[in-house]
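What follows is coords-v4.pdb (PDB, C-alpha atoms and all ligand atoms).
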```
ATOM      1  CA  MET A  21     -11.469  12.420  24.967
ATOM      2  CA  ASP A  22      -9.145   9.779  23.532
ATOM      3  CA  ASN A  23     -10.569  10.253  20.092
ATOM      4  CA  THR A  24     -10.053  13.937  19.460
ATOM      5  CA  ALA A  25      -6.937  15.374  17.839
ATOM      6  CA  ILE A  26      -5.770  18.915  17.252
ATOM      7  CA  VAL A  27      -3.715  19.268  14.060
ATOM      8  CA  VAL A  28      -1.292  22.171  13.676
ATOM      9  CA  PHE A  29      -2.270  23.180  10.192
ATOM     10  CA  SER A  30      -0.633  25.693   7.833
ATOM     11  CA  GLY A  31      -2.276  24.653   4.565
ATOM     12  CA  GLY A  32       1.057  23.332   3.242
ATOM     13  CA  GLN A  33       1.894  19.867   1.956
ATOM     14  CA  ASP A  34       3.152  18.471   5.257
ATOM     15  CA  SER A  35       0.387  19.644   7.554
ATOM     16  CA  THR A  36      -2.333  18.767   5.023
ATOM     17  CA  THR A  37      -0.919  15.244   4.820
ATOM     18  CA  CYS A  38      -0.954  15.181   8.635
ATOM     19  CA  LEU A  39      -4.584  16.289   8.555
ATOM     20  CA  PHE A  40      -5.468  13.294   6.347
ATOM     21  CA  TRP A  41      -3.416  11.059   8.643
ATOM     22  CA  ALA A  42      -5.367  12.339  11.657
ATOM     23  CA  LEU A  43      -8.718  11.929   9.891
ATOM     24  CA  GLU A  44      -7.842   8.242   9.475
ATOM     25  CA  LYS A  45      -6.889   7.775  13.118
ATOM     26  CA  PHE A  46      -9.248   9.910  15.169
ATOM     27  CA  GLU A  47     -12.992  10.318  15.387
ATOM     28  CA  ARG A  48     -12.849  14.050  15.786
ATOM     29  CA  VAL A  49     -10.224  16.309  14.248
ATOM     30  CA  ILE A  50      -9.773  20.016  14.847
ATOM     31  CA  ALA A  51      -7.322  22.087  12.800
ATOM     32  CA  VAL A  52      -5.491  25.108  14.182
ATOM     33  CA  THR A  53      -3.731  27.689  12.034
ATOM     34  CA  PHE A  54      -1.487  30.433  13.335
ATOM     35  CA  ASP A  55      -1.637  33.857  11.767
ATOM     36  CA  TYR A  56       1.730  35.522  12.376
ATOM     37  CA  ASN A  57       1.534  37.975   9.510
ATOM     38  CA  GLN A  58       2.916  35.546   6.990
ATOM     39  CA  ARG A  59       4.310  37.140   3.877
ATOM     40  CA  HIS A  60       1.452  35.495   2.028
ATOM     41  CA  LYS A  61      -1.989  35.983   3.466
ATOM     42  CA  LEU A  62      -2.934  33.360   0.914
ATOM     43  CA  GLU A  63      -1.490  30.750   3.282
ATOM     44  CA  ILE A  64      -4.318  31.437   5.746
ATOM     45  CA  GLU A  65      -6.912  31.419   2.946
ATOM     46  CA  CYS A  66      -5.529  28.155   1.669
ATOM     47  CA  ALA A  67      -5.780  26.577   5.129
ATOM     48  CA  LYS A  68      -9.343  27.906   5.523
ATOM     49  CA  ASN A  69     -10.414  26.463   2.174
ATOM     50  CA  ILE A  70      -8.952  23.031   2.845
ATOM     51  CA  ALA A  71     -10.528  22.810   6.321
ATOM     52  CA  LYS A  72     -13.879  23.866   4.894
ATOM     53  CA  ASP A  73     -13.527  21.423   2.030
ATOM     54  CA  LEU A  74     -12.847  18.546   4.414
ATOM     55  CA  GLY A  75     -15.512  19.633   6.895
ATOM     56  CA  VAL A  76     -12.952  20.027   9.675
ATOM     57  CA  GLU A  77     -13.493  22.423  12.594
ATOM     58  CA  HIS A  78     -10.896  25.156  12.156
ATOM     59  CA  HIS A  79      -9.450  27.760  14.494
ATOM     60  CA  ILE A  80      -7.194  30.612  13.435
ATOM     61  CA  LEU A  81      -5.140  32.101  16.228
ATOM     62  CA  ASN A  82      -3.505  35.483  15.986
ATOM     63  CA  MET A  83       0.252  35.255  16.623
ATOM     64  CA  ASP A  84       1.311  38.707  15.475
ATOM     65  CA  LEU A  85       3.545  38.992  18.478
ATOM     66  CA  LEU A  86       5.931  36.463  16.960
ATOM     67  CA  ASN A  87       6.721  38.898  14.182
ATOM     68  CA  GLN A  88       7.267  41.659  16.711
ATOM     69  CA  LEU A  89      10.003  39.548  18.265
ATOM     70  CA  THR A  90      11.731  37.913  15.311
ATOM     71  CA  PRO A  91      11.361  39.638  11.938
ATOM     72  CA  ASN A  92      12.365  37.208   9.206
ATOM     73  CA  ALA A  93      11.915  36.358   5.537
ATOM     74  CA  LEU A  94       8.530  34.667   6.021
ATOM     75  CA  THR A  95       6.967  37.773   7.488
ATOM     76  CA  ARG A  96       8.968  40.631   6.014
ATOM     77  CA  SER A  97       9.063  41.221   2.276
ATOM     78  CA  ASP A  98      12.286  43.236   2.575
ATOM     79  CA  ILE A  99      14.236  40.178   3.733
ATOM     80  CA  ASP A 100      15.300  37.773   0.984
ATOM     81  CA  ILE A 101      14.663  34.057   1.247
ATOM     82  CA  LYS A 102      18.022  32.336   1.519
ATOM     83  CA  ASN A 103      19.086  28.837   2.356
ATOM     84  CA  GLY A 104      21.277  28.489   5.407
ATOM     85  CA  GLU A 105      24.950  28.578   4.471
ATOM     86  CA  ASP A 106      28.121  28.158   6.494
ATOM     87  CA  GLY A 107      26.214  26.848   9.474
ATOM     88  CA  ASN A 108      23.743  29.750   9.503
ATOM     89  CA  LEU A 109      20.036  29.131   9.754
ATOM     90  CA  PRO A 110      17.953  29.939   6.658
ATOM     91  CA  SER A 111      16.435  33.431   6.522
ATOM     92  CA  THR A 112      12.979  31.848   6.851
ATOM     93  CA  PHE A 113      13.748  30.797  10.404
ATOM     94  CA  VAL A 114      11.372  32.095  13.048
ATOM     95  CA  GLU A 115      12.981  31.670  16.435
ATOM     96  CA  GLY A 116      10.962  29.346  18.676
ATOM     97  CA  ARG A 117       8.023  29.135  16.289
ATOM     98  CA  ASN A 118       7.220  25.467  16.794
ATOM     99  CA  MET A 119       7.558  25.772  20.520
ATOM    100  CA  VAL A 120       5.058  28.632  20.550
ATOM    101  CA  PHE A 121       2.652  26.965  18.127
ATOM    102  CA  LEU A 122       2.658  23.626  19.922
ATOM    103  CA  THR A 123       2.221  25.267  23.305
ATOM    104  CA  PHE A 124      -0.847  27.164  22.093
ATOM    105  CA  ALA A 125      -2.113  24.044  20.328
ATOM    106  CA  ALA A 126      -1.853  22.241  23.678
ATOM    107  CA  ILE A 127      -3.841  24.964  25.434
ATOM    108  CA  LEU A 128      -6.530  24.740  22.744
ATOM    109  CA  ALA A 129      -6.463  20.947  23.022
ATOM    110  CA  LYS A 130      -7.087  21.098  26.739
ATOM    111  CA  VAL A 131      -9.960  23.576  26.276
ATOM    112  CA  LYS A 132     -11.459  21.264  23.646
ATOM    113  CA  GLY A 133     -10.945  18.153  25.741
ATOM    114  CA  ALA A 134      -8.518  16.701  23.196
ATOM    115  CA  ARG A 135      -5.560  14.614  24.249
ATOM    116  CA  HIS A 136      -3.840  14.248  20.892
ATOM    117  CA  ILE A 137      -1.823  16.901  19.098
ATOM    118  CA  VAL A 138      -0.497  16.317  15.586
ATOM    119  CA  THR A 139       2.319  18.286  13.959
ATOM    120  CA  GLY A 140       4.127  17.856  10.643
ATOM    121  CA  VAL A 141       7.590  18.667  11.942
ATOM    122  CA  CYS A 142      10.334  16.568  10.440
ATOM    123  CA  GLU A 143      13.999  15.887  11.194
ATOM    124  CA  THR A 144      14.717  14.393   7.792
ATOM    125  CA  ASP A 145      14.542  17.622   5.821
ATOM    126  CA  PHE A 146      16.252  19.237   8.782
ATOM    127  CA  SER A 147      17.056  22.862   8.019
ATOM    128  CA  GLY A 148      18.628  23.315  11.420
ATOM    129  CA  TYR A 149      15.465  24.364  13.265
ATOM    130  CA  PRO A 150      16.137  23.137  16.785
ATOM    131  CA  ASP A 151      12.460  23.046  17.756
ATOM    132  CA  CYS A 152      11.683  20.595  14.933
ATOM    133  CA  ARG A 153      13.855  17.924  16.494
ATOM    134  CA  ASP A 154      12.313  14.793  17.972
ATOM    135  CA  ILE A 155      14.074  15.345  21.269
ATOM    136  CA  PHE A 156      12.506  18.781  21.581
ATOM    137  CA  ILE A 157       9.008  17.461  20.796
ATOM    138  CA  LYS A 158       9.401  14.776  23.477
ATOM    139  CA  SER A 159      10.637  17.356  25.934
ATOM    140  CA  LEU A 160       7.732  19.723  25.184
ATOM    141  CA  ASN A 161       5.292  16.832  25.544
ATOM    142  CA  VAL A 162       6.534  16.276  29.083
ATOM    143  CA  THR A 163       6.465  20.028  29.770
ATOM    144  CA  THR A 164       2.887  20.560  28.551
ATOM    145  CA  ASN A 165       1.751  17.528  30.549
ATOM    146  CA  LEU A 166       3.311  18.984  33.679
ATOM    147  CA  ALA A 167       2.156  22.529  32.942
ATOM    148  CA  MET A 168      -1.483  21.539  32.557
ATOM    149  CA  ASP A 169      -1.561  18.320  34.576
ATOM    150  CA  TYR A 170      -2.885  16.452  31.564
ATOM    151  CA  ASN A 171      -1.813  13.510  29.409
ATOM    152  CA  PHE A 172      -1.207  15.024  25.997
ATOM    153  CA  VAL A 173       0.275  12.850  23.267
ATOM    154  CA  ILE A 174       2.121  14.788  20.575
ATOM    155  CA  HIS A 175       2.192  12.873  17.288
ATOM    156  CA  THR A 176       4.754  13.545  14.561
ATOM    157  CA  PRO A 177       3.856  11.255  11.642
ATOM    158  CA  LEU A 178       6.456  12.857   9.356
ATOM    159  CA  MET A 179       9.359  13.030  11.803
ATOM    160  CA  TRP A 180      11.516  10.348  10.184
ATOM    161  CA  ILE A 181      10.332  10.361   6.585
ATOM    162  CA  ASP A 182      11.497  12.423   3.614
ATOM    163  CA  LYS A 183       9.396  14.393   1.139
ATOM    164  CA  ALA A 184       9.039  11.409  -1.217
ATOM    165  CA  ALA A 185       7.588   9.332   1.630
ATOM    166  CA  THR A 186       5.283  12.219   2.579
ATOM    167  CA  TRP A 187       3.861  12.097  -0.962
ATOM    168  CA  LYS A 188       3.563   8.342  -0.587
ATOM    169  CA  MET A 189       1.526   8.810   2.594
ATOM    170  CA  ALA A 190      -0.860  11.203   0.833
ATOM    171  CA  ASP A 191      -1.168   8.674  -1.989
ATOM    172  CA  LYS A 192      -1.938   5.894   0.481
ATOM    173  CA  TYR A 193      -4.988   7.865   1.586
ATOM    174  CA  GLY A 194      -5.919   8.529  -2.060
ATOM    175  CA  LYS A 195      -5.103  12.221  -1.588
ATOM    176  CA  LEU A 196      -1.959  12.767  -3.653
ATOM    177  CA  ASP A 197      -3.686  14.920  -6.262
ATOM    178  CA  TYR A 198      -5.620  16.778  -3.597
ATOM    179  CA  VAL A 199      -2.437  17.644  -1.701
ATOM    180  CA  ARG A 200      -0.601  18.444  -4.911
ATOM    181  CA  ASN A 201      -3.259  20.862  -6.192
ATOM    182  CA  ASN A 202      -4.642  22.509  -3.061
ATOM    183  CA  THR A 203      -1.736  23.124  -0.725
ATOM    184  CA  LEU A 204       0.630  26.063  -0.532
ATOM    185  CA  THR A 205       4.298  25.421   0.172
ATOM    186  CA  CYS A 206       5.873  27.942  -2.202
ATOM    187  CA  TYR A 207       7.673  30.934  -0.654
ATOM    188  CA  ASN A 208       6.410  33.006  -3.577
ATOM    189  CA  GLY A 209       2.803  32.266  -2.675
ATOM    190  CA  ILE A 210       1.768  30.112  -5.626
ATOM    191  CA  ILE A 211      -0.650  27.287  -4.752
ATOM    192  CA  GLY A 212      -0.081  23.755  -6.045
ATOM    193  CA  ASP A 213       3.186  23.085  -7.873
ATOM    194  CA  GLY A 214       4.283  26.632  -7.022
ATOM    195  CA  CYS A 215       6.957  28.790  -8.682
ATOM    196  CA  GLY A 216       9.252  25.784  -9.046
ATOM    197  CA  GLU A 217      12.291  27.833  -8.100
ATOM    198  CA  CYS A 218      12.243  28.726  -4.400
ATOM    199  CA  PRO A 219      13.846  26.334  -1.860
ATOM    200  CA  ALA A 220      10.421  25.036  -0.724
ATOM    201  CA  CYS A 221       9.305  24.307  -4.293
ATOM    202  CA  ILE A 222      12.573  22.565  -5.132
ATOM    203  CA  LEU A 223      12.314  20.309  -2.074
ATOM    204  CA  ARG A 224       8.669  19.542  -2.815
ATOM    205  CA  LYS A 225       9.289  18.852  -6.522
ATOM    206  CA  ARG A 226      12.307  16.622  -5.861
ATOM    207  CA  GLY A 227      10.261  14.564  -3.422
ATOM    208  CA  LEU A 228       7.343  14.236  -5.798
ATOM    209  CA  GLU A 229       9.585  13.190  -8.695
ATOM    210  CA  ALA A 230      11.426  10.691  -6.514
ATOM    211  CA  TYR A 231       8.131   9.187  -5.378
ATOM    212  CA  LEU A 232       6.528   9.053  -8.818
ATOM    213  CA  ASN A 233       9.686   7.615 -10.447
ATOM    214  CA  ASN A 234       9.951   4.968  -7.789
ATOM    215  CA  LYS A 235       6.310   4.044  -8.148
ATOM    216  CA  SER A 236       6.413   3.525 -11.920
TER     217      SER A 236
HETATM  218 ZN    ZN B   1       8.123  28.453  -4.978
END
```

Written form, structure tokens:
Amino acid sequence: MDNTAIVVFSGGQDSTTCLFWALEKFERVIAVTFDYNQRHKLEIECAKNIAKDLGVEHHILNMDLLNQLTPNALTRSDIDIKNGEDGNLPSTFVEGRNMVFLTFAAILAKVKGARHIVTGVCETDFSGYPDCRDIFIKSLNVTTNLAMDYNFVIHTPLMWIDKAATWKMADKYGKLDYVRNNTLTCYNGIIGDGCGECPACILRKRGLEAYLNNKS
């Protein structure tokens, strides 16, 4: 039981790096992907392919209801992707998404007899999502433990590192090229280096350049 981890896995750079991190630390790793009618169905396909490629058990849970509650730019093509300005959250924000995902991941973990839950949330690239904060994760860890009378441990390997350090972590496991070529971060649904222009691509590219420049 101490050697099984559930990884919240979207097929993006961060969660794929977390998947490699978990594969180093735990004997058994299970990936869970949430289908909430993402703008790009490709995200689910991408996650499926990576899990298959790595031989990782993979579950896809239907979370359509999230879109019913909070329509936003990730799920609705008629809403533009905008960065948060003047203290507003970005238009990609899905209210309570991490709380919902982690809660369902915990339920799956308990069913699977897994104690460890891994998520790629990060305060460093903080876009103002309150349920990505460390304090929230700690609070939810206590809550899930109480709710299910179980000793979950929620791991956040990326919490305090920036995108450059996330690339460094992938490189440490010899997976930089794999993460670079097979993951989908781009809001315009282009795998790998992406469109190069959306906020997610810009963040990813800046991090990669910073890491590669530093390394050479
Ligand atoms: Zn892009």

- Message: Which residues would end up in the selection if the PyMOL selection byres (((chain A and resi 50) around 12) and not hetatm) were applied here, given that I need the answer as an NGL selection string?
- Response: :A and (23-29 or 38-40 or 42-43 or 46-49 or 51-53 or 71-72 or 74-80 or 125 or 128-129 or 131-138)

Would you tabulate, counting all atoms listed in the file, all residues of chain A that have an atom at most 9 Å from an atom of ligand ZN 1 (chain B), showing the closest pair of atoms and their distance in Å to one decimal, sorted by chain then ascending number, as a Markdown table?
```
| residue | atom | partner | partner_atom | distance |
| --- | --- | --- | --- | --- |
| A:Thr205 | CA | B:ZN1 | ZN | 7.1 |
| A:Cys206 | CA | B:ZN1 | ZN | 3.6 |
| A:Tyr207 | CA | B:ZN1 | ZN | 5.0 |
| A:Asn208 | CA | B:ZN1 | ZN | 5.1 |
| A:Gly209 | CA | B:ZN1 | ZN | 6.9 |
| A:Ile210 | CA | B:ZN1 | ZN | 6.6 |
| A:Ile211 | CA | B:ZN1 | ZN | 8.9 |
| A:Asp213 | CA | B:ZN1 | ZN | 7.8 |
| A:Gly214 | CA | B:ZN1 | ZN | 4.7 |
| A:Cys215 | CA | B:ZN1 | ZN | 3.9 |
| A:Gly216 | CA | B:ZN1 | ZN | 5.0 |
| A:Glu217 | CA | B:ZN1 | ZN | 5.2 |
| A:Cys218 | CA | B:ZN1 | ZN | 4.2 |
| A:Pro219 | CA | B:ZN1 | ZN | 6.9 |
| A:Ala220 | CA | B:ZN1 | ZN | 5.9 |
| A:Cys221 | CA | B:ZN1 | ZN | 4.4 |
| A:Ile222 | CA | B:ZN1 | ZN | 7.4 |
```

- Task: For the file shown, report as a list in words the outcome of the PyMOL selection byres (((chain A and resi 66) around 8) and not hetatm) at residue level.
- Result: Gly31, Leu62, Glu63, Ile64, Glu65, Ala67, Lys68, Asn69, Ile70, Asn202, Thr203 and Leu204 of chain A

- Between A:Asn171, A:Gln88, A:Thr164, A:Thr176, smallest distance to Glu143 in chain A by all atoms listed in the file belongs to A:Thr176

- Query: Gly227 in chain A: which residues within 10 Å, counting only C-alpha atoms, same-chain residues fewer than 5 positions away excluded, as a list of chain:residue names?
  - Reply: A:Asp182, A:Lys183, A:Ala184, A:Ala185, A:Thr186, A:Trp187, A:Lys188, A:Cys221, A:Ile222, A:Leu232, A:Asn233

- Work out how far apart CA of Thr123 in chain A and CA of Pro177 in chain A are and give it in Å to one decimal. 18.3 Å

- Query: What is the CA of Thr139 in chain A to CA of Gly194 in chain A distance in Å?
  - Reply: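 Going from CA of Thr139 in chain A over to CA of Gly194 in chain A covers 20.5 Å.
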
- Identify which of the residues A:Asn82, A:Phe124, A:Glu229, A:Val141 lies closest to Ile155 in chain A, counting only C-alpha atoms when measuring atom-to-atom distances.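 That would be A:Val141, the residue with the smallest distance to Ile155 in chain A.
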
- Item | Point-to-point distance in Å for CA of Lys195 in chain A and CA of Thr36 in chain A |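 Straight-line distance from CA of Thr36 in chain A to CA of Lys195 in chain A works out to 9.7 Å.
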
- Task: For the structure provided, state which residues fall under the PyMOL selection byres (((chain A and resi 83) around 9) and not hetatm), and present them as a PyMOL selection string.
- Result: chain A and resi 54-57+81-82+84-87+121

- Residue with smallest distance to Ala190 in chain A - pool A:His60, A:Leu122, A:Leu228, A:Val173, counting all atoms listed in the file: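 Counting all atoms listed in the file, the residue closest to Ala190 in chain A is A:Leu228.
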
Using all atoms of range 36-50 of chain A that appear in the file, construct an axis-aligned enclosing box with 8 Å of padding on every side and provide its centre coordinates and edge lengths in Å, rounded to one decimal, as JSON.
```
{"center_x": -7.0, "center_y": 13.9, "center_z": 10.3, "size_x": 28.1, "size_y": 28.2, "size_z": 27.0}
```

- Pick from A:Leu223, A:Met119, A:Leu89, A:Val199: nearest to Leu160 in chain A, with only C-alpha atoms counted?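 Nearest to Leu160 in chain A: A:Met119.
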
- Item | Selection: 10 Å around Phe156 in chain A, all atoms listed in the file, excl. self and same-chain fewer than 6 positions, as a list in words |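 The residues satisfying every condition are Asn118, Met119, Pro150 and Val162 of chain A.
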
Exercise: Asn161 in chain A partners within 7 Å, all atoms listed in the file, chain neighbours under 2 positions left out, as a tab-separated table (two decimals) with C-alpha atoms, in the frame of the given file:
```tsv
chain	number	residue	atom	x	y	z
A	157	ILE	CA	9.01	17.46	20.80
A	158	LYS	CA	9.40	14.78	23.48
A	159	SER	CA	10.64	17.36	25.93
A	163	THR	CA	6.46	20.03	29.77
A	164	THR	CA	2.89	20.56	28.55
A	165	ASN	CA	1.75	17.53	30.55
A	172	PHE	CA	-1.21	15.02	26.00
A	173	VAL	CA	0.28	12.85	23.27
A	174	ILE	CA	2.12	14.79	20.58
```
